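Shown next, in structure tokens, is the structure this report addresses.
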Amino acid sequence: MAADKQRRVNFSNGQSMPILGLGTWKSEPGKVTNAVKTAIAAGYRHIDCAYCYFNEAEVGAGISAKIDDGTVKREDLFVTSKLFQSYHKLEDVEIGLKKSLDLLELDYLDLFLLHWPLAVKRIGDDEYPRGADGKPLFDDTHFTESWKGMEKLVEKGLVKSIGLSNFTVPQIKEVLALPNKVPIVNLQIEITPYLTQTELLDFCKSKNIIVTAYSPLGSGDRDDAKPSDPVLMEDPNVGELAKKSGKSVAQILIRYHIQQGVACVPKSVTPSRIQDNFESLNFKLSDGDVAKLKALDKNFRYCTYEEGFSNNRFTDYEHSYPNSNNTHAYYRNDCFTEFLIPRTVDRRFIYHHSWSSGSRCECSCIVQLRPVSVEEGDSSLKQESYNDTRQ
């Protein structure tokens with residue numbers, strides 16, 4: 001195995017993670033076990049999964065098979081999973097973890113991530129509850145409470161490291177502001193040349209948080225894909241670099257992340273592509289090539305939260321999500337938009353939304369504020385408007 005194939009990124013807690021892993025989101029049922037076995041045989045030592053991918057049992061079967069046949073030992077592998085949103089309450093975090101451990105047939109995880117900063121209710125065995133209107137039933141459990149539960153998992157030896165996924169800079173700052181016993185070592189987010197996330201990457205670097213890119217090839221098989229969406233794998237600029245380098249388009253896109261020190265977890269169940277992706281560790285792009293790829297930034301996000309609940313990318317979800325610093329975050333489509341609004345915000349508010357060419361999220365939110373001095377029962381409300389066009 002070439003030296004670069006063993007390349008790892010170092011966490012602030014002394015642990016390390018292989019920079020390239022096998023992603024399993026949206027992997028075709030019935031093919032995941034073989035994909036994991038193929039990947040491990042090819043040299044992958046990093047497997048990325050999540051409870052809400054609904055295939056952890058297949059992932060676990062693949063891992064067990066390669067341990068049983070002597071290809072690897074458990075300690076050779078780096079396995080990541082993520083806390084599902086209906087297990088965000090402090091007392092439920094360990095329950096959520098153990099569901100993944102049972103499915104994966106593992107005693108511990110190398111990395112456990114808080115999958116989203118937004119919680120949903122759990123009603124009996126229903127982990128994706130919806131109201132009568134068909135919309136998800138959100139829960140007000142704050143992610144800082146969930147983080148405290150994550151820390152306990154490290155203390156108990158159930159996970160070695162913990163991190164976040166799909167968090168914004170303000171939300172990461174909230175976790176950093178806690179009297180943390182365990183550091184945030186990793187943030188997993190969507191990054192592609194079409195969504196470079198420069199500000200978020202720079203912030204994480206300043207806080208010694210390693211970033212992992214999911215859907216690095218553009219998630220072409222997502223359910224809510226629109227005919228007008230740009231297709232990253234067909235971008236002529238990427239194709240030109242691939243032709244010049246004698247590499248595949250996928251290899252160019254994966255190498256783009258690796259070269260910047262960003263971990264990468266491309267998904268595939270096709271043996272030839274799994275091997276092809278792994279060969280991304282065997283060459284380098286020039287600084288000029290990396291710059292050309294960065295210049296393709298459209299601030300276009302392929303993966304939107306609604307995919308878990310609806311195929312309608314522009315469905316309105318009215319939800320007020322309290323932050324610990326006396327503000328609220330309002331969730332709209334594929335971004336968490338935060339406004340410095342007092343917690344006296346009334347639950348009744350209306351979204352007005354515009355979308356610019358499917359790229360930049362431009363949210364205009366009208367909310368109704370209840371003044372602190374207003375006594376309970378007084379129906380008078382003050383209306384103010386807030387606009388946000390941040391990435």
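Note on naming: chains are A, B, ... as they come in the structure tokens, residues start from 1 per chain, ligands start from 1 in the order shown.
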Excluding region 293-297 of chain A and any residue of its chain fewer than 6 positions from it, enumerate the residues within 8 Å of it, using only C-alpha atoms, and give them as a VMD selection string. chain A and resid 193 to 196 237 to 238 256
Next, the residues of the selection above should be written as a CSV table (one decimal), in the first residue's frame with N, CA, C and O atoms.
```
chain,number,residue,atom,x,y,z
A,193,PRO,N,-17.1,21.6,-5.4
A,193,PRO,CA,-16.6,22.8,-6.1
A,193,PRO,C,-17.8,23.8,-6.3
A,193,PRO,O,-17.6,25.0,-6.5
A,194,TYR,N,-19.0,23.3,-6.3
A,194,TYR,CA,-20.2,24.1,-6.5
A,194,TYR,C,-20.6,24.7,-5.1
A,194,TYR,O,-21.5,25.7,-5.1
A,195,LEU,N,-20.1,24.2,-4.0
A,195,LEU,CA,-20.5,24.7,-2.7
A,195,LEU,C,-19.2,24.6,-1.9
A,195,LEU,O,-19.0,23.6,-1.1
A,196,THR,N,-18.4,25.6,-2.0
A,196,THR,CA,-17.0,25.5,-1.4
A,196,THR,C,-17.0,25.7,0.1
A,196,THR,O,-16.0,25.3,0.8
A,237,ASN,N,-15.5,21.8,-17.1
A,237,ASN,CA,-14.2,22.2,-16.5
A,237,ASN,C,-13.6,21.1,-15.7
A,237,ASN,O,-12.3,20.9,-15.8
A,238,VAL,N,-14.4,20.3,-15.0
A,238,VAL,CA,-13.9,19.1,-14.3
A,238,VAL,C,-13.5,18.1,-15.3
A,238,VAL,O,-12.4,17.4,-15.1
A,256,TYR,N,-9.7,16.8,-4.9
A,256,TYR,CA,-9.9,18.2,-4.6
A,256,TYR,C,-10.1,18.4,-3.1
A,256,TYR,O,-9.5,19.3,-2.5
```
Just list the residues in region 104-273 of chain A DSSP gives strand (DSSP E or B) on the backbone, as a ChimeraX atom specification. /A:109-114,119-120,123,126,130,136,138-139,159-165,184-190,192,195,210-214,263-264,267
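When CA of Arg222 (chain A) is paired with CA of Ile162 (chain A), their separation reads 27.2 Å.
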Hey, what's within 7 Å of region 168-177 of chain A if we count only C-alpha atoms and toss same-chain stuff fewer than 2 positions away? As a PyMOL selection string, please? chain A and resi 144+166+179+200
Atoms to include: N, CA and C atoms. Write the selected residues as a short mmCIF file (atom, residue, chain, number, x, y, z; two decimals), in the first residue's frame.
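The resulting selection04.cif:
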```cif
data_model
loop_
_atom_site.label_atom_id
_atom_site.label_comp_id
_atom_site.auth_asym_id
_atom_site.auth_seq_id
_atom_site.Cartn_x
_atom_site.Cartn_y
_atom_site.Cartn_z
N THR A 144 -27.45 21.81 22.40
CA THR A 144 -26.46 21.85 23.48
C THR A 144 -26.77 20.78 24.54
N ASN A 166 -23.83 19.14 9.66
CA ASN A 166 -24.82 20.10 9.17
C ASN A 166 -25.04 21.27 10.13
N PRO A 179 -19.13 24.58 28.74
CA PRO A 179 -17.95 24.12 29.50
C PRO A 179 -17.61 22.69 29.09
N LEU A 200 -16.95 28.56 6.40
CA LEU A 200 -17.11 27.50 7.39
C LEU A 200 -15.82 26.69 7.54
#
```
Calculated over only C-alpha atoms, which of the candidates A:Pro117, A:Pro129, A:Gly239, A:Gly62 has the smallest distance to Glu105 (chain A)?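 Among the listed residues, the smallest separation from Glu105 (chain A) belongs to A:Gly62.
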Separation of CA of Leu285 (chain A) from CA of Cys49 (chain A) in Å: 28.4 Å
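Excluding Ile189 (chain A) and any residue on its chain fewer than 6 positions from it, the residues at most 8 Å away by only C-alpha atoms are Ser165, Asn166, Phe167, Val211, Thr212, Ala213 and Tyr214 of chain A.
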Which distance in Å separates CA of Leu187 (chain A) and CA of Leu158 (chain A), to one decimal?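 If I compute the distance from CA of Leu187 (chain A) to CA of Leu158 (chain A), I get 19.5 Å.
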Region 157-270 of chain A: residues DSSP assigns to alpha helix (DSSP H), reported as a count of residues only: 37
Show me, as a PyMOL selection string, the residues that have an atom within 7 Å of Ile63 (chain A) when counting only C-alpha atoms, minus same-chain residues fewer than 3 positions from it. chain A and resi 36-37+59-60+66-67
Contact residues around Ser100 (chain A) with only C-alpha atoms at 8 Å, ignoring same-chain residues under 2 positions, as a list in words: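 These residues fall inside the cut-off: Ala50, Tyr51, Glu56, Ser81, Gly96, Leu97, Lys98, Asp102, Leu103 and Leu104 of chain A.
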Those residues you just picked out, can you put them in a file as a PDB file, in the first residue's frame with C-alpha atoms?
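See again.pdb below for the written result:
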```
ATOM      1  CA  ALA A  50     -25.845   6.739  10.114  1.00  0.00           C
ATOM      2  CA  TYR A  51     -28.911   5.288  11.803  1.00  0.00           C
ATOM      3  CA  GLU A  56     -26.473  -0.079   9.309  1.00  0.00           C
ATOM      4  CA  SER A  81     -22.221   6.972  12.765  1.00  0.00           C
ATOM      5  CA  GLY A  96     -29.799   6.344  20.037  1.00  0.00           C
ATOM      6  CA  LEU A  97     -26.150   5.328  19.996  1.00  0.00           C
ATOM      7  CA  LYS A  98     -26.870   1.782  21.133  1.00  0.00           C
ATOM      8  CA  ASP A 102     -26.573  -3.114  17.844  1.00  0.00           C
ATOM      9  CA  LEU A 103     -27.190  -2.846  14.107  1.00  0.00           C
ATOM     10  CA  LEU A 104     -23.476  -2.540  13.341  1.00  0.00           C
TER      11      LEU A 104
END
```
Nearest-residue call for Gly21 (chain A), choices A:Phe300, A:Phe54, A:Tyr128, A:Phe78, using only C-alpha atoms: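 Ranking A:Phe300, A:Phe54, A:Tyr128, A:Phe78 by distance to Gly21 (chain A), first place goes to A:Phe78.
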Closest to Thr304 (chain A) among A:Ser215, A:Ser64, A:Thr270, A:Gln259, using only C-alpha atoms?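 Of the candidates, the smallest distance to Thr304 (chain A) is held by A:Ser215.
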Pick from A:Lys89, A:Tyr53, A:Leu153, A:Leu281 nearest to Pro29 (chain A), counting only C-alpha atoms: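 When distances to Pro29 (chain A) are compared using only C-alpha atoms, the smallest one comes from A:Tyr53.
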